[in-house]
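K.L.:
Pasting a structure below so you can have a look.
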Amino acid sequence: MRACLPKAATDGGETVEHRPVLLSEILSWLRPASCSTIIDCTIGPGGHAERLLEALGPKGRLVGIDRDGEALALARRRLERFTGRVLLRQADYRDLDGVLRDLGIDRVEAILADLGISSTQLLDPVRGFGFSSDGPLDMRLDRTRGETAAQLLERLDEHDLARTLWTFGEEPRARAIARAIIRERGGGSPIATTSRLAAIVARACRGGTARRIHPATRTFMALRIAVNDELSGLERFVEDAAGRLGPGGRMAVISFHSLEDRAVKKTLRALASRCTCPPRMPRCGCGRPDLLRVLTPRPVVPSLSERSENPRSRSAKLRVAEKL
C-alpha cells in the first residue's frame, strides 16, 4: 500500500511489515536532492515523505496533504524530527491549488500523489476498509463527513449497486452480489459490519470460477471508491499539478486501479501533446505549446522482490512527467 507504518502491524493475527511502495523509484525520478519544495498530496502516515525529507537539502521543505486526519496525526509524529521543514494540511489532494494558494506557494519542483489506501487504514478494523477483522462498515477516508459504506448499501437499488460493483471493482459477478445484498437487506437488518458483508459476497460467489483473491475483495474496493468519490476530478488534479510545477519540475502518480491509471495516462499524454499544428511546421502557431514530457511511456511497476516482500504492492503503477 501507499505508506509504511512506524511499527509493524497485525493483520488477522499475522505481523506484517509495511513499506512505502516503489520507494527507490520515487526517489530516483523525483530527484529530491535538487528540490527546494516537494508536495506529497496523499501523505498518509508519512512513509514516502520521510525518505524524501531525508534526501532534501537542509533548506528544503515538504508540504503534506491528506483528507484523513488520523493519517496526518501519524505523519506528524513520524516527521517531528524535521521541525520547520514540514507543513501538513488536512485537505483533499484534488484541492491542491487551494492549499498552495493559502500557503503562498506558487511553483514547486516535485509533486507526488500515491492514490492507494494506506496500510494503517486497511488494517484498522474500525475504519471498515478490510475484512480480516470485523468492524463497522464505514470506509470513509475522512470520518468527519459523508456517507458510510453501510449507508450507501441501504440507499442503492439493485441496478445501481450492480453498476457500482462492476464500474469501480470490475467485479464479474456484480449482479449476483447485488442481488444477494438486496435480498439480505430485505430481511430488515442493515448490513453494518465488514464480516457480514464479506460473508454475503462469499455466499453469492460460491460455485463460481476459482479466484486468487478473496471473493469480497473487489466489492470492498468498489464500495470504498464510491464512498470517497475517488475517481472524480482526477484529471483536473493532474492538470492543476502540472500548472504548479516549475520548469524541469516532476510529478509522480502511483495508482492501484486500472480506472485511475487510465485517467492519469490520458491526462499526462494530453498535456504532453497540446499543440495542434501540422508536424512540418517549424514553429507552433496554434498557441498551445506542450506543457509536459512524459518520462514513463509505460508505467513503472514494483520489482519481483518488492512484490514478494510486500504483496500489496502488486497492482501499483507509477507514471512520471516533467514540466517543459
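Residue names in the C-alpha cells use chain letters A, B, ... in the order shown, residue numbers from 1 in each chain, and ligand numbers from 1 in the order shown.
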Check range 62-286 of chain A with DSSP on the backbone and list each residue it calls strand (DSSP E), as a VMD selection string.
P.N.:
chain A and resid 62 to 66 86 to 90 108 to 114 245 to 255
K.L.:
Quick one: residues within 8 Å of Gly44 in chain A, only C-alpha atoms, excluding same-chain residues fewer than 2 positions away - as a VMD selection string?
P.N.:
chain A and resid 2 to 3 42 46 to 47 66 68 71 to 72 74 to 75 118
K.L.:
Write out the residues from the selection above, keeping C-alpha atoms, as a compact mmCIF listing (two decimals), in the first residue's frame.
P.N.:
# COMPACT_ATOMS: atom_id res chain seq x y z
CA ARG A 2 0.99 3.61 -0.20
CA ALA A 3 2.77 4.13 3.12
CA THR A 42 -1.53 11.94 -0.18
CA GLY A 46 4.43 9.65 6.03
CA GLY A 47 6.43 6.75 4.62
CA ASP A 66 -4.28 14.20 3.28
CA ASP A 68 -7.62 11.60 6.65
CA ALA A 71 -3.23 9.62 8.95
CA LEU A 72 -1.99 13.20 9.33
CA LEU A 74 0.65 9.62 12.33
CA ALA A 75 2.64 11.62 9.78
CA SER A 118 -2.53 3.08 3.35
K.L.:
What lies within 9 Å of Gly243 in chain A using only C-alpha atoms, ignoring chain neighbours under 6 positions off, as a VMD selection string?
P.N.:
chain A and resid 107 291 323
K.L.:
Would you write out those residues with N, CA and C atoms, as a PDB file, in the first residue's frame?
P.N.:
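The resulting result.pdb:
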ATOM      1  N   ARG A 107       5.242  27.985  -7.243  1.00  0.00           N
ATOM      2  CA  ARG A 107       5.833  26.908  -8.029  1.00  0.00           C
ATOM      3  C   ARG A 107       6.628  25.975  -7.136  1.00  0.00           C
ATOM      4  N   LEU A 291       2.980  21.159 -22.381  1.00  0.00           N
ATOM      5  CA  LEU A 291       3.318  21.520 -21.005  1.00  0.00           C
ATOM      6  C   LEU A 291       4.247  20.514 -20.341  1.00  0.00           C
ATOM      7  N   LYS A 323       7.924  18.947 -16.322  1.00  0.00           N
ATOM      8  CA  LYS A 323       7.422  20.213 -16.876  1.00  0.00           C
ATOM      9  C   LYS A 323       8.427  20.776 -17.872  1.00  0.00           C
TER      10      LYS A 323
END
K.L.:
Using only C-alpha atoms, determine which residues lie at most 8 Å from Pro136 in chain A, disregarding the query and same-chain residues fewer than 3 positions distant; provide the list as JSON, numbers by chain.
P.N.:
{"A": [125, 126, 127, 128, 192, 193, 194]}
K.L.:
Okay, now the selection with N, CA and C atoms, as a PDB file, in the first residue's frame?
P.N.:
ATOM      1  N   PRO A 125      -9.568  -2.235  11.984  1.00  0.00           N
ATOM      2  CA  PRO A 125     -10.936  -2.720  11.788  1.00  0.00           C
ATOM      3  C   PRO A 125     -11.991  -1.651  11.977  1.00  0.00           C
ATOM      4  N   VAL A 126     -11.691  -0.618  12.748  1.00  0.00           N
ATOM      5  CA  VAL A 126     -12.666   0.448  12.973  1.00  0.00           C
ATOM      6  C   VAL A 126     -12.959   1.226  11.690  1.00  0.00           C
ATOM      7  N   ARG A 127     -12.000   1.246  10.768  1.00  0.00           N
ATOM      8  CA  ARG A 127     -12.183   2.021   9.540  1.00  0.00           C
ATOM      9  C   ARG A 127     -13.069   1.301   8.530  1.00  0.00           C
ATOM     10  N   GLY A 128     -13.138  -0.028   8.589  1.00  0.00           N
ATOM     11  CA  GLY A 128     -14.047  -0.773   7.728  1.00  0.00           C
ATOM     12  C   GLY A 128     -13.584  -0.977   6.302  1.00  0.00           C
ATOM     13  N   ALA A 192     -24.241  -3.795   8.444  1.00  0.00           N
ATOM     14  CA  ALA A 192     -23.488  -2.744   9.124  1.00  0.00           C
ATOM     15  C   ALA A 192     -22.057  -3.124   9.464  1.00  0.00           C
ATOM     16  N   THR A 193     -21.646  -4.370   9.225  1.00  0.00           N
ATOM     17  CA  THR A 193     -20.289  -4.788   9.595  1.00  0.00           C
ATOM     18  C   THR A 193     -19.569  -5.405   8.402  1.00  0.00           C
ATOM     19  N   THR A 194     -18.241  -5.357   8.460  1.00  0.00           N
ATOM     20  CA  THR A 194     -17.415  -5.869   7.364  1.00  0.00           C
ATOM     21  C   THR A 194     -17.538  -7.383   7.225  1.00  0.00           C
TER      22      THR A 194
END
K.L.:
Taking 6 positions as the minimum chain separation for residues in the same chain, which residues sit within 6 Å of range 253-264 of chain A when counting only C-alpha atoms? Answer as a PyMOL selection string.
P.N.:
chain A and resi 112-116+315-319
